[in-house]
2 protein chains.
Amino acid sequence: VPAEAAVPRAQIAECVHTLTISNDHAAFQYGPAAGPTRLREWIAADHAVEVNRVVVGNGSVGLFDLFCRSTLRPGDQVLVEAPCYDRVLRLLRFYGANVRAVRLDDDGPLIDDLVSALEGRRPPVFFYMVPDFQNPSGATYSLDKRKIVVALARRHGFRLIEDAPYRKLRYHGQEQLSFLDLAADVTIHMNSFSKLLSPALRAAYLIADAETITRVAAAAEDTYLTPGNFALSVAAEWLRRGHLGPQIERLKNMYKPRLDSMIAAVAELQLGQPLVRPEGGFFVGVTLNAAVDEGTLHAQAKAAGVELVKGSGFFLEPPLKSFLRLPFCAVDEATARRIDGRVERP
Amino acid sequence: VPAEAAVPRAQIAECVHTLTISNDHAAFQYGPAAGPTRLREWIAADHAVEVNRVVVGNGSVGLFDLFCRSTLRPGDQVLVEAPCYDRVLRLLRFYGANVRAVRLDDDGPLIDDLVSALEGRRPPVFFYMVPDFQNPSGATYSLDKRKIVVALARRHGFRLIEDAPYRKLRYHGQEQLSFLDLAADVTIHMNSFSKLLSPALRAAYLIADAETITRVAAAAEDTYLTPGNFALSVAAEWLRRGHLGPQIERLKNMYKPRLDSMIAAVAELQLGQPLVRPEGGFFVGVTLNAAVDEGTLHAQAKAAGVELVKGSGFFLEPPLKSFLRLPFCAVDEATARRIDGRVERP
């Protein structure tokens, strides 16, 4: 979760005030299933795409659910990363997809894994990826690997789902081109303001071809008529006021030392090996040392008030070694140091 | 849709202000999949049920979707009213339910229809009803019919879905006991603040046995993690301040003359026969006179800026006579009179 201090509450209250005194009733009424027009327009301009290529909804998992609902049939082939965001695995299972996993290296997927997953089979419908500061590993795809993935998607005729909620939170190194930049023809880009503004507004979006957007919006209309227009209009007003840029700088200053402290704590505790030294985002993924018992660690964390997600939830098959996702953004440096003193050394 | 003047914008802004200056971060963060605790508690107290019997979500159609997702299997028997809320028919078809319709009279379902729908078949999983000021007909179930429906549900072992978003908006006559009052053991009660506060907050809830609530909340977590916590917390604060009672009185004063004008306009225009003289809610349902062509009427309405829902969408099978749902709440008396002058007499 984002840090509590990260949410600009006063700005949110000001945006609500502006909406309540305006003559525009859209923020208080039913509206288009694809989301408030002003928010779609802001996002379209930000990504330099047409408005009919944007749908706005309640959280990116919610939009991914609608995308799957309107796209997948039981038995469809789908590729994911290993480890993979656990919520996505659960949704793919619900829709009866035939899921195969491609192992991640510190610079993106293992190309041999990807190629062999594509051989001698119906092509997958899509490959779901978090290419920037991946959830849960923290890995970021190199430009070379992005280009190889695009070439394979074009050759085999499948779509690339680029889930990019952490992309703007880079604390070290250089930004890579997004899949949407590189290959809009095969990319479905998912994004969200949950990590940048507040998760409680549930402001998320999906960019795709206009036909896919129409299909997702139709599923939205059948499922909930209208997304959370009030909260989404608050987000639109906040963006219109130009708060996003300064907010991102503020978050980077807040989270960068937290990432560094978390990595230092993992090393000092000899918990295990980080899969990668993340350059941004929310997570450090760790392969636990053989001497660390996962169950004991979770119990100790729970006793200290920290709920950790079960490592095996990020994999299709139980991994050979125990995996731990450490979210660092809501853990300030003092707390990270306190964790040092609490957890028993293996 | 509700009238624009019906939304208490200034009160909403005040509630947001209170949330932003409080020490409680819940309104700005991820939260329980079943919705903000304070809102669940308010609703539980209002209905005199335990909190674990309440789930809060994004609009009642959204909650009904999650209920169906976690309950129905393809081929399950389901009963609906004829006419039936069109969105519900679409969802039931999506989940592959085997839907049968029970015709409505002006005091509730035709009991012969209901009995014959139950004979010689697997019992239905549920009977979906809008017992108060039904969408789209405006009909309200009499107490006698409510008791007969409850007896049949208990005898045949099916659930009653009571969708009650209009229940508190009674402009004439006497309130009837709800199905939740009469028979909590077989009732799943759906409700919403969309018609009472603002549809854009998407504040809706479902009351059922604790096991059903757990299942719906699990589906919510898998689908969207957390409902729109910010907007739902605004609704909770608005309710805590005691605004609901005075707001209902204000809405009754606003909508009662609109209902009366709409009924007068239907009579004066000789459009057709109202199925019932509604005592509350949002809709007058009309069986069009044979001389009125539905297509022409819809085209004329559209030219006048009014989007009407296709009458056949409220039925499983095309009805013998064309049906028209007239929502009157957003139509003030002056506009209702203007409609008189515009629509050509048949």
# chains A, B, ... in the order shown; residues from 1 in each chain; ligands from 1
>>> residues_around(residues="Ala48 of chain B", least_positions_apart="5", cutoff="12 Å", atoms="only C-alpha atoms", output="MDAnalysis selection string")
chainID B and resid 40:43 53:54 180:181 184 207
>>> interface_residues(of="chain B", to="chain A", cutoff="9 Å", atoms="only C-alpha atoms", output="short mmCIF file (atom, residue, chain, number, x, y, z; two decimals) with all heavy atoms, in the first residue's frame")
data_model
loop_
_atom_site.label_atom_id
_atom_site.label_comp_id
_atom_site.auth_asym_id
_atom_site.auth_seq_id
_atom_site.Cartn_x
_atom_site.Cartn_y
_atom_site.Cartn_z
N VAL B 1 -32.77 8.61 -13.97
CA VAL B 1 -31.74 9.24 -13.14
C VAL B 1 -32.39 10.18 -12.14
O VAL B 1 -33.49 10.68 -12.39
CB VAL B 1 -30.72 10.02 -14.01
CG1 VAL B 1 -30.05 9.09 -15.02
CG2 VAL B 1 -31.39 11.17 -14.73
N PRO B 2 -31.73 10.40 -11.02
CA PRO B 2 -32.27 11.38 -10.07
C PRO B 2 -32.21 12.79 -10.67
O PRO B 2 -31.42 13.05 -11.57
CB PRO B 2 -31.32 11.29 -8.87
CG PRO B 2 -30.51 10.06 -9.08
CD PRO B 2 -30.49 9.81 -10.56
N GLU B 4 -31.14 16.59 -10.96
CA GLU B 4 -29.85 17.20 -10.61
C GLU B 4 -29.94 17.94 -9.28
O GLU B 4 -29.01 17.90 -8.47
CB GLU B 4 -29.40 18.14 -11.73
CG GLU B 4 -29.20 17.38 -13.04
CD GLU B 4 -28.38 18.13 -14.06
OE1 GLU B 4 -28.06 19.31 -13.83
OE2 GLU B 4 -28.05 17.51 -15.10
N VAL B 7 -29.25 16.20 -5.61
CA VAL B 7 -27.96 15.83 -5.00
C VAL B 7 -27.49 16.94 -4.06
O VAL B 7 -27.33 18.08 -4.48
CB VAL B 7 -26.90 15.56 -6.08
CG1 VAL B 7 -25.56 15.24 -5.45
CG2 VAL B 7 -27.36 14.42 -7.00
N ARG B 9 -24.95 18.65 -2.89
CA ARG B 9 -23.52 18.84 -3.16
C ARG B 9 -22.77 19.47 -1.99
O ARG B 9 -21.65 19.07 -1.68
CB ARG B 9 -23.35 19.76 -4.36
CG ARG B 9 -23.84 19.20 -5.65
CD ARG B 9 -23.34 20.14 -6.72
NE ARG B 9 -23.93 19.89 -8.00
CZ ARG B 9 -23.42 20.34 -9.13
NH1 ARG B 9 -22.31 21.08 -9.11
NH2 ARG B 9 -23.99 20.08 -10.29
N ALA B 10 -23.37 20.48 -1.37
CA ALA B 10 -22.65 21.17 -0.30
C ALA B 10 -22.41 20.22 0.87
O ALA B 10 -21.32 20.22 1.47
CB ALA B 10 -23.45 22.40 0.15
N ILE B 12 -22.02 17.02 0.63
CA ILE B 12 -20.96 16.10 0.21
C ILE B 12 -19.59 16.75 0.41
O ILE B 12 -18.66 16.13 0.95
CB ILE B 12 -21.18 15.66 -1.25
CG1 ILE B 12 -22.39 14.72 -1.34
CG2 ILE B 12 -19.93 15.00 -1.83
CD1 ILE B 12 -22.80 14.33 -2.76
N ALA B 13 -19.47 18.02 0.02
CA ALA B 13 -18.19 18.73 0.19
C ALA B 13 -17.81 18.82 1.67
O ALA B 13 -16.64 18.64 2.04
CB ALA B 13 -18.26 20.11 -0.44
N GLU B 14 -18.81 19.06 2.52
CA GLU B 14 -18.52 19.14 3.96
C GLU B 14 -18.04 17.78 4.50
O GLU B 14 -17.13 17.73 5.33
CB GLU B 14 -19.78 19.56 4.73
CG GLU B 14 -20.03 21.06 4.67
CD GLU B 14 -21.47 21.39 5.06
OE1 GLU B 14 -22.09 20.61 5.82
OE2 GLU B 14 -21.98 22.43 4.59
N VAL B 16 -16.45 15.47 2.81
CA VAL B 16 -15.06 15.28 2.35
C VAL B 16 -14.10 16.07 3.22
O VAL B 16 -13.05 15.57 3.64
CB VAL B 16 -14.92 15.70 0.87
CG1 VAL B 16 -13.45 15.72 0.46
CG2 VAL B 16 -15.71 14.74 -0.03
N HIS B 17 -14.49 17.30 3.53
CA HIS B 17 -13.63 18.13 4.38
C HIS B 17 -13.37 17.43 5.73
O HIS B 17 -12.23 17.34 6.19
CB HIS B 17 -14.27 19.50 4.59
CG HIS B 17 -13.45 20.41 5.45
ND1 HIS B 17 -12.26 20.96 5.02
CD2 HIS B 17 -13.62 20.82 6.73
CE1 HIS B 17 -11.74 21.69 6.00
NE2 HIS B 17 -12.55 21.62 7.04
N LEU B 19 -13.48 14.25 6.38
CA LEU B 19 -12.60 13.09 6.18
C LEU B 19 -11.14 13.52 6.03
O LEU B 19 -10.24 12.87 6.56
CB LEU B 19 -13.03 12.29 4.95
CG LEU B 19 -14.39 11.60 5.00
CD1 LEU B 19 -14.71 10.95 3.67
CD2 LEU B 19 -14.44 10.56 6.12
N THR B 20 -10.92 14.62 5.32
CA THR B 20 -9.52 15.00 5.05
C THR B 20 -8.83 15.51 6.31
O THR B 20 -7.61 15.39 6.42
CB THR B 20 -9.42 16.07 3.94
OG1 THR B 20 -10.28 17.16 4.26
CG2 THR B 20 -9.80 15.51 2.60
N ILE B 21 -9.58 16.08 7.25
CA ILE B 21 -8.91 16.59 8.45
C ILE B 21 -8.91 15.57 9.59
O ILE B 21 -8.33 15.81 10.63
CB ILE B 21 -9.51 17.93 8.95
CG1 ILE B 21 -10.98 17.76 9.31
CG2 ILE B 21 -9.34 19.02 7.88
CD1 ILE B 21 -11.59 18.98 9.98
N HIS B 25 -7.27 7.16 8.28
CA HIS B 25 -6.79 7.12 6.89
C HIS B 25 -7.65 6.21 6.01
O HIS B 25 -7.43 6.13 4.80
CB HIS B 25 -5.34 6.64 6.89
CG HIS B 25 -4.61 7.03 5.65
ND1 HIS B 25 -4.27 8.33 5.36
CD2 HIS B 25 -4.17 6.29 4.60
CE1 HIS B 25 -3.64 8.37 4.20
NE2 HIS B 25 -3.58 7.16 3.71
N ALA B 26 -8.64 5.53 6.59
CA ALA B 26 -9.37 4.49 5.85
C ALA B 26 -10.00 4.99 4.55
O ALA B 26 -10.07 4.25 3.57
CB ALA B 26 -10.45 3.86 6.74
N ALA B 27 -10.43 6.25 4.54
CA ALA B 27 -11.12 6.77 3.36
C ALA B 27 -10.18 6.99 2.18
O ALA B 27 -10.64 7.23 1.06
CB ALA B 27 -11.82 8.09 3.69
N PHE B 28 -8.86 6.89 2.42
CA PHE B 28 -7.89 7.21 1.38
C PHE B 28 -7.00 6.04 1.00
O PHE B 28 -6.03 6.20 0.28
CB PHE B 28 -7.02 8.40 1.84
CG PHE B 28 -7.83 9.62 2.11
CD1 PHE B 28 -8.28 9.91 3.39
CD2 PHE B 28 -8.18 10.47 1.07
CE1 PHE B 28 -9.05 11.03 3.63
CE2 PHE B 28 -8.95 11.59 1.30
CZ PHE B 28 -9.39 11.88 2.59
N GLN B 29 -7.32 4.86 1.52
CA GLN B 29 -6.42 3.72 1.38
C GLN B 29 -7.19 2.50 0.87
O GLN B 29 -8.41 2.52 0.80
CB GLN B 29 -5.83 3.44 2.79
CG GLN B 29 -4.65 2.54 2.87
CD GLN B 29 -3.49 2.92 1.96
OE1 GLN B 29 -3.55 2.64 0.77
NE2 GLN B 29 -2.46 3.55 2.52
N TYR B 30 -6.47 1.45 0.48
CA TYR B 30 -7.13 0.16 0.27
C TYR B 30 -7.85 -0.22 1.56
O TYR B 30 -7.50 0.25 2.65
CB TYR B 30 -6.09 -0.93 -0.05
CG TYR B 30 -5.41 -0.79 -1.39
CD1 TYR B 30 -4.11 -0.30 -1.48
CD2 TYR B 30 -6.07 -1.15 -2.56
CE1 TYR B 30 -3.48 -0.17 -2.72
CE2 TYR B 30 -5.44 -1.03 -3.79
CZ TYR B 30 -4.14 -0.54 -3.87
OH TYR B 30 -3.53 -0.41 -5.08
N GLY B 31 -8.84 -1.09 1.44
CA GLY B 31 -9.59 -1.48 2.63
C GLY B 31 -10.25 -2.82 2.43
O GLY B 31 -9.98 -3.52 1.44
N ASN B 58 -19.90 -1.37 -5.25
CA ASN B 58 -20.05 -0.31 -6.25
C ASN B 58 -21.36 -0.45 -7.03
O ASN B 58 -21.38 -0.98 -8.14
CB ASN B 58 -18.89 -0.35 -7.23
CG ASN B 58 -17.53 -0.24 -6.55
OD1 ASN B 58 -17.37 0.52 -5.60
ND2 ASN B 58 -16.56 -1.01 -7.03
N GLY B 59 -22.45 0.05 -6.48
CA GLY B 59 -23.73 -0.01 -7.18
C GLY B 59 -24.39 -1.37 -6.97
O GLY B 59 -23.72 -2.39 -6.82
N SER B 60 -25.73 -1.40 -6.98
CA SER B 60 -26.37 -2.68 -6.67
C SER B 60 -26.30 -3.64 -7.84
O SER B 60 -26.26 -4.85 -7.63
CB SER B 60 -27.79 -2.50 -6.14
OG SER B 60 -28.55 -1.70 -7.00
N VAL B 61 -26.24 -3.15 -9.08
CA VAL B 61 -26.02 -4.07 -10.20
C VAL B 61 -24.65 -4.74 -10.04
O VAL B 61 -24.51 -5.95 -10.26
CB VAL B 61 -26.12 -3.33 -11.56
CG1 VAL B 61 -25.73 -4.26 -12.70
CG2 VAL B 61 -27.54 -2.83 -11.77
N GLY B 62 -23.66 -3.95 -9.63
CA GLY B 62 -22.32 -4.51 -9.39
C GLY B 62 -22.35 -5.60 -8.33
O GLY B 62 -21.71 -6.65 -8.48
N LEU B 63 -23.10 -5.37 -7.25
CA LEU B 63 -23.20 -6.38 -6.20
C LEU B 63 -23.97 -7.60 -6.69
O LEU B 63 -23.63 -8.74 -6.36
CB LEU B 63 -23.85 -5.80 -4.95
CG LEU B 63 -22.92 -4.95 -4.09
CD1 LEU B 63 -23.71 -4.23 -3.01
CD2 LEU B 63 -21.82 -5.80 -3.46
N PHE B 64 -25.03 -7.36 -7.47
CA PHE B 64 -25.80 -8.49 -7.99
C PHE B 64 -24.92 -9.33 -8.93
O PHE B 64 -24.98 -10.56 -8.91
CB PHE B 64 -27.06 -7.99 -8.72
CG PHE B 64 -27.97 -9.09 -9.18
CD1 PHE B 64 -28.65 -9.87 -8.26
CD2 PHE B 64 -28.14 -9.34 -10.52
CE1 PHE B 64 -29.49 -10.90 -8.69
CE2 PHE B 64 -28.98 -10.36 -10.96
CZ PHE B 64 -29.65 -11.14 -10.03
N ASP B 65 -24.08 -8.66 -9.71
CA ASP B 65 -23.13 -9.39 -10.56
C ASP B 65 -22.24 -10.30 -9.71
O ASP B 65 -22.04 -11.47 -10.03
CB ASP B 65 -22.29 -8.40 -11.35
CG ASP B 65 -21.19 -9.09 -12.14
OD1 ASP B 65 -21.52 -9.93 -12.99
OD2 ASP B 65 -20.00 -8.81 -11.90
N LEU B 66 -21.70 -9.75 -8.60
CA LEU B 66 -20.82 -10.55 -7.75
C LEU B 66 -21.60 -11.69 -7.09
O LEU B 66 -21.07 -12.80 -6.93
CB LEU B 66 -20.17 -9.68 -6.68
CG LEU B 66 -19.21 -8.62 -7.20
CD1 LEU B 66 -18.72 -7.74 -6.05
CD2 LEU B 66 -18.02 -9.26 -7.92
N ARG B 87 -31.29 -4.73 -16.88
CA ARG B 87 -29.89 -5.03 -16.55
C ARG B 87 -29.74 -6.40 -15.89
O ARG B 87 -28.75 -7.09 -16.07
CB ARG B 87 -29.32 -3.96 -15.60
CG ARG B 87 -29.26 -2.60 -16.22
CD ARG B 87 -28.22 -2.59 -17.31
NE ARG B 87 -28.34 -1.43 -18.15
CZ ARG B 87 -27.58 -1.24 -19.23
NH1 ARG B 87 -26.68 -2.14 -19.59
NH2 ARG B 87 -27.73 -0.16 -19.95
N VAL B 88 -30.73 -6.73 -15.10
CA VAL B 88 -30.72 -8.02 -14.41
C VAL B 88 -30.90 -9.15 -15.43
O VAL B 88 -30.21 -10.18 -15.36
CB VAL B 88 -31.80 -8.03 -13.31
CG1 VAL B 88 -32.14 -9.46 -12.89
CG2 VAL B 88 -31.31 -7.22 -12.12
N ARG B 90 -29.94 -9.15 -18.48
CA ARG B 90 -28.67 -9.30 -19.22
C ARG B 90 -27.66 -10.09 -18.39
O ARG B 90 -26.96 -10.96 -18.90
CB ARG B 90 -28.10 -7.93 -19.58
CG ARG B 90 -28.91 -7.21 -20.66
CD ARG B 90 -28.31 -5.85 -20.99
NE ARG B 90 -27.00 -5.96 -21.60
CZ ARG B 90 -26.79 -6.12 -22.91
NH1 ARG B 90 -27.80 -6.16 -23.74
NH2 ARG B 90 -25.55 -6.22 -23.38
N LEU B 91 -27.57 -9.77 -17.09
CA LEU B 91 -26.61 -10.48 -16.24
C LEU B 91 -26.97 -11.96 -16.12
O LEU B 91 -26.10 -12.83 -16.19
CB LEU B 91 -26.56 -9.86 -14.84
CG LEU B 91 -25.66 -8.63 -14.71
CD1 LEU B 91 -25.76 -8.04 -13.31
CD2 LEU B 91 -24.20 -9.01 -15.01
N SER B 194 -27.98 5.38 -4.38
CA SER B 194 -27.91 6.10 -5.66
C SER B 194 -29.09 7.02 -5.85
O SER B 194 -28.96 8.12 -6.38
CB SER B 194 -27.86 5.10 -6.81
OG SER B 194 -26.60 4.47 -6.86
N SER B 198 -26.52 10.19 -4.24
CA SER B 198 -25.98 10.45 -5.58
C SER B 198 -25.55 9.14 -6.21
O SER B 198 -24.87 8.35 -5.56
CB SER B 198 -24.77 11.39 -5.49
OG SER B 198 -23.97 11.28 -6.66
N PRO B 199 -25.92 8.91 -7.48
CA PRO B 199 -25.50 7.67 -8.13
C PRO B 199 -23.98 7.60 -8.32
O PRO B 199 -23.43 6.50 -8.44
CB PRO B 199 -26.20 7.70 -9.50
CG PRO B 199 -27.07 8.89 -9.51
CD PRO B 199 -26.71 9.77 -8.37
N ALA B 200 -23.33 8.75 -8.35
CA ALA B 200 -21.90 8.80 -8.66
C ALA B 200 -21.04 8.26 -7.52
O ALA B 200 -19.87 7.97 -7.71
CB ALA B 200 -21.47 10.22 -9.01
N LEU B 201 -21.63 8.14 -6.31
CA LEU B 201 -20.87 7.54 -5.20
C LEU B 201 -20.90 6.01 -5.29
O LEU B 201 -20.11 5.35 -4.65
CB LEU B 201 -21.44 7.98 -3.85
CG LEU B 201 -21.42 9.49 -3.57
CD1 LEU B 201 -22.03 9.78 -2.21
CD2 LEU B 201 -19.99 10.04 -3.61
N ARG B 202 -21.83 5.46 -6.07
CA ARG B 202 -21.96 4.01 -6.25
C ARG B 202 -22.10 3.29 -4.92
O ARG B 202 -21.55 2.18 -4.74
CB ARG B 202 -20.79 3.43 -7.06
CG ARG B 202 -20.39 4.13 -8.32
CD ARG B 202 -21.47 4.42 -9.33
NE ARG B 202 -22.05 3.27 -10.01
CZ ARG B 202 -23.35 2.97 -9.97
NH1 ARG B 202 -24.20 3.70 -9.26
NH2 ARG B 202 -23.81 1.96 -10.63
N GLU B 221 -13.20 -9.27 -3.70
CA GLU B 221 -11.75 -9.19 -3.56
C GLU B 221 -11.06 -9.69 -4.82
O GLU B 221 -10.11 -9.07 -5.31
CB GLU B 221 -11.29 -9.99 -2.34
CG GLU B 221 -9.79 -9.89 -2.15
CD GLU B 221 -9.35 -10.21 -0.73
OE1 GLU B 221 -10.19 -10.61 0.09
OE2 GLU B 221 -8.14 -10.04 -0.46
N ASP B 222 -11.55 -10.79 -5.38
CA ASP B 222 -10.94 -11.33 -6.59
C ASP B 222 -11.16 -10.41 -7.80
O ASP B 222 -10.37 -10.43 -8.74
CB ASP B 222 -11.53 -12.71 -6.92
CG ASP B 222 -10.93 -13.79 -6.03
OD1 ASP B 222 -9.93 -13.51 -5.34
OD2 ASP B 222 -11.46 -14.92 -6.02
N THR B 223 -12.24 -9.65 -7.78
CA THR B 223 -12.61 -8.85 -8.95
C THR B 223 -12.01 -7.46 -8.90
O THR B 223 -11.52 -6.95 -9.90
CB THR B 223 -14.15 -8.73 -9.05
OG1 THR B 223 -14.71 -10.03 -8.89
CG2 THR B 223 -14.55 -8.16 -10.38
N TYR B 224 -12.09 -6.80 -7.73
CA TYR B 224 -11.59 -5.40 -7.69
C TYR B 224 -10.87 -5.03 -6.40
O TYR B 224 -10.66 -3.86 -6.13
CB TYR B 224 -12.72 -4.41 -7.99
CG TYR B 224 -13.99 -4.52 -7.13
CD1 TYR B 224 -13.96 -4.32 -5.76
CD2 TYR B 224 -15.23 -4.79 -7.72
CE1 TYR B 224 -15.10 -4.39 -4.99
CE2 TYR B 224 -16.39 -4.87 -6.95
CZ TYR B 224 -16.32 -4.66 -5.59
OH TYR B 224 -17.46 -4.72 -4.81
N LEU B 225 -10.50 -6.02 -5.58
CA LEU B 225 -9.75 -5.82 -4.34
C LEU B 225 -10.55 -5.06 -3.29
O LEU B 225 -10.86 -5.58 -2.23
CB LEU B 225 -8.44 -5.06 -4.55
CG LEU B 225 -7.44 -5.62 -5.56
CD1 LEU B 225 -6.19 -4.75 -5.58
CD2 LEU B 225 -7.07 -7.05 -5.24
N THR B 226 -10.89 -3.82 -3.59
CA THR B 226 -11.50 -2.90 -2.65
C THR B 226 -12.54 -2.09 -3.43
O THR B 226 -12.23 -1.65 -4.53
CB THR B 226 -10.41 -1.92 -2.13
OG1 THR B 226 -9.42 -2.64 -1.41
CG2 THR B 226 -10.99 -0.84 -1.26
N PRO B 227 -13.74 -1.90 -2.88
CA PRO B 227 -14.67 -1.02 -3.60
C PRO B 227 -14.22 0.44 -3.48
O PRO B 227 -13.15 0.71 -2.94
CB PRO B 227 -16.00 -1.26 -2.87
CG PRO B 227 -15.61 -1.68 -1.49
CD PRO B 227 -14.30 -2.41 -1.62
N GLY B 228 -15.01 1.36 -3.98
CA GLY B 228 -14.61 2.77 -4.00
C GLY B 228 -14.63 3.39 -2.61
O GLY B 228 -15.53 4.15 -2.25
N ASN B 229 -13.58 3.07 -1.85
CA ASN B 229 -13.51 3.47 -0.44
C ASN B 229 -13.73 4.95 -0.18
O ASN B 229 -14.34 5.32 0.82
CB ASN B 229 -12.13 3.12 0.11
CG ASN B 229 -12.17 1.90 0.97
OD1 ASN B 229 -13.24 1.48 1.40
ND2 ASN B 229 -11.01 1.33 1.22
N PHE B 230 -13.18 5.78 -1.03
CA PHE B 230 -13.31 7.23 -0.81
C PHE B 230 -14.78 7.64 -0.87
O PHE B 230 -15.33 8.20 0.08
CB PHE B 230 -12.47 7.99 -1.85
CG PHE B 230 -12.62 9.48 -1.78
CD1 PHE B 230 -12.17 10.19 -0.68
CD2 PHE B 230 -13.25 10.17 -2.82
CE1 PHE B 230 -12.32 11.58 -0.62
CE2 PHE B 230 -13.40 11.55 -2.77
CZ PHE B 230 -12.94 12.25 -1.67
N ALA B 231 -15.43 7.30 -1.98
CA ALA B 231 -16.84 7.68 -2.16
C ALA B 231 -17.72 7.02 -1.10
O ALA B 231 -18.66 7.64 -0.58
CB ALA B 231 -17.30 7.30 -3.56
#
>>> select_by_dssp(residues="segment 109-248 of chain A", states="strand (DSSP E)", output="PyMOL selection string")
chain A and resi 109+126-129+159-163+187-192+203-207
>>> write_last_selection(atoms="C-alpha atoms", output="mmCIF file, in the first residue's frame")
data_model
loop_
_atom_site.group_PDB
_atom_site.id
_atom_site.type_symbol
_atom_site.label_atom_id
_atom_site.label_comp_id
_atom_site.auth_asym_id
_atom_site.auth_seq_id
_atom_site.Cartn_x
_atom_site.Cartn_y
_atom_site.Cartn_z
ATOM 1 C CA PRO A 109 11.731 -12.832 -19.145
ATOM 2 C CA PHE A 126 -1.870 -12.563 -24.528
ATOM 3 C CA PHE A 127 1.239 -12.355 -22.359
ATOM 4 C CA TYR A 128 0.547 -10.510 -19.093
ATOM 5 C CA MET A 129 3.559 -8.489 -17.922
ATOM 6 C CA ARG A 159 -1.194 -9.364 -27.480
ATOM 7 C CA LEU A 160 1.046 -7.886 -24.814
ATOM 8 C CA ILE A 161 -0.628 -6.731 -21.629
ATOM 9 C CA GLU A 162 1.591 -4.046 -20.117
ATOM 10 C CA ASP A 163 0.481 -3.403 -16.534
ATOM 11 C CA THR A 187 -0.001 -3.646 -26.709
ATOM 12 C CA ILE A 188 -2.790 -3.255 -24.183
ATOM 13 C CA HIS A 189 -1.557 -0.793 -21.587
ATOM 14 C CA MET A 190 -2.998 -0.850 -18.059
ATOM 15 C CA ASN A 191 -2.316 1.897 -15.572
ATOM 16 C CA SER A 192 -3.646 3.422 -12.376
ATOM 17 C CA ALA A 203 -8.878 5.528 -10.707
ATOM 18 C CA ALA A 204 -7.415 3.191 -13.312
ATOM 19 C CA TYR A 205 -7.373 2.927 -17.078
ATOM 20 C CA LEU A 206 -6.714 0.673 -20.004
ATOM 21 C CA ILE A 207 -5.411 1.792 -23.418
#
>>> closest_atom_pairs(of="segment 196-292 of chain B", to="segment 69-75 of chain B", cutoff="9 Å", atoms="only C-alpha atoms", output="CSV")
residue,atom,partner,partner_atom,distance
B:Thr212,CA,B:Thr71,CA,8.6
B:Arg215,CA,B:Ser70,CA,6.4
B:Val216,CA,B:Ser70,CA,6.3
B:Ala218,CA,B:Ser70,CA,8.5
B:Ala219,CA,B:Ser70,CA,6.3
>>> select_by_dssp(residues="segment 5-169 of chain A", states="helix (DSSP H, G or I)", output="number ranges by chain")
A: 5-6, 9-21, 26-28, 37-47, 51-53, 60-71, 86-94, 111-118, 143-156
>>> residues_around(residues="Pro124 of chain B", least_positions_apart="4", cutoff="9 Å", atoms="only C-alpha atoms", output="mmCIF file with C-alpha atoms, in the first residue's frame")
data_model
loop_
_atom_site.group_PDB
_atom_site.id
_atom_site.type_symbol
_atom_site.label_atom_id
_atom_site.label_comp_id
_atom_site.auth_asym_id
_atom_site.auth_seq_id
_atom_site.Cartn_x
_atom_site.Cartn_y
_atom_site.Cartn_z
ATOM 1 C CA ASP B 76 -29.536 -22.985 -12.854
ATOM 2 C CA GLN B 77 -33.233 -22.097 -12.686
ATOM 3 C CA VAL B 78 -34.028 -18.476 -11.866
ATOM 4 C CA LEU B 79 -37.347 -16.617 -11.703
ATOM 5 C CA ASN B 98 -32.375 -20.793 -17.173
ATOM 6 C CA VAL B 99 -34.705 -17.831 -16.643
ATOM 7 C CA LEU B 118 -42.512 -24.025 -9.761
ATOM 8 C CA HIS B 156 -39.904 -25.043 -2.497
ATOM 9 C CA GLY B 157 -36.558 -24.005 -0.985
ATOM 10 C CA PHE B 158 -35.553 -20.981 -3.042
ATOM 11 C CA ARG B 159 -34.235 -17.518 -2.112
#
>>> residues_around(residues="segment 174-176 of chain A", least_positions_apart="6", cutoff="10 Å", atoms="only C-alpha atoms", output="PyMOL selection string")
chain A and resi 131-132+140-143+146+167-168+279
>>> residues_around(residues="Leu182 of chain B", least_positions_apart="4", cutoff="8 Å", atoms="only C-alpha atoms", output="VMD selection string")
chain B and resid 147 150 177 to 178
>>> write_last_selection(atoms="C-alpha atoms", output="PDB file, in the first residue's frame")
ATOM      1  CA  LYS B 147     -46.867 -13.622   2.387  1.00  0.00           C
ATOM      2  CA  VAL B 150     -42.615 -16.182   1.232  1.00  0.00           C
ATOM      3  CA  LEU B 177     -43.439  -4.805   5.340  1.00  0.00           C
ATOM      4  CA  SER B 178     -40.284  -5.654   3.402  1.00  0.00           C
TER       5      SER B 178
END
>>> closest_residue(among="B:Val49, B:Ala299, B:Val55, B:Val130", to="Val80 of chain B", atoms="only C-alpha atoms")
B:Val130
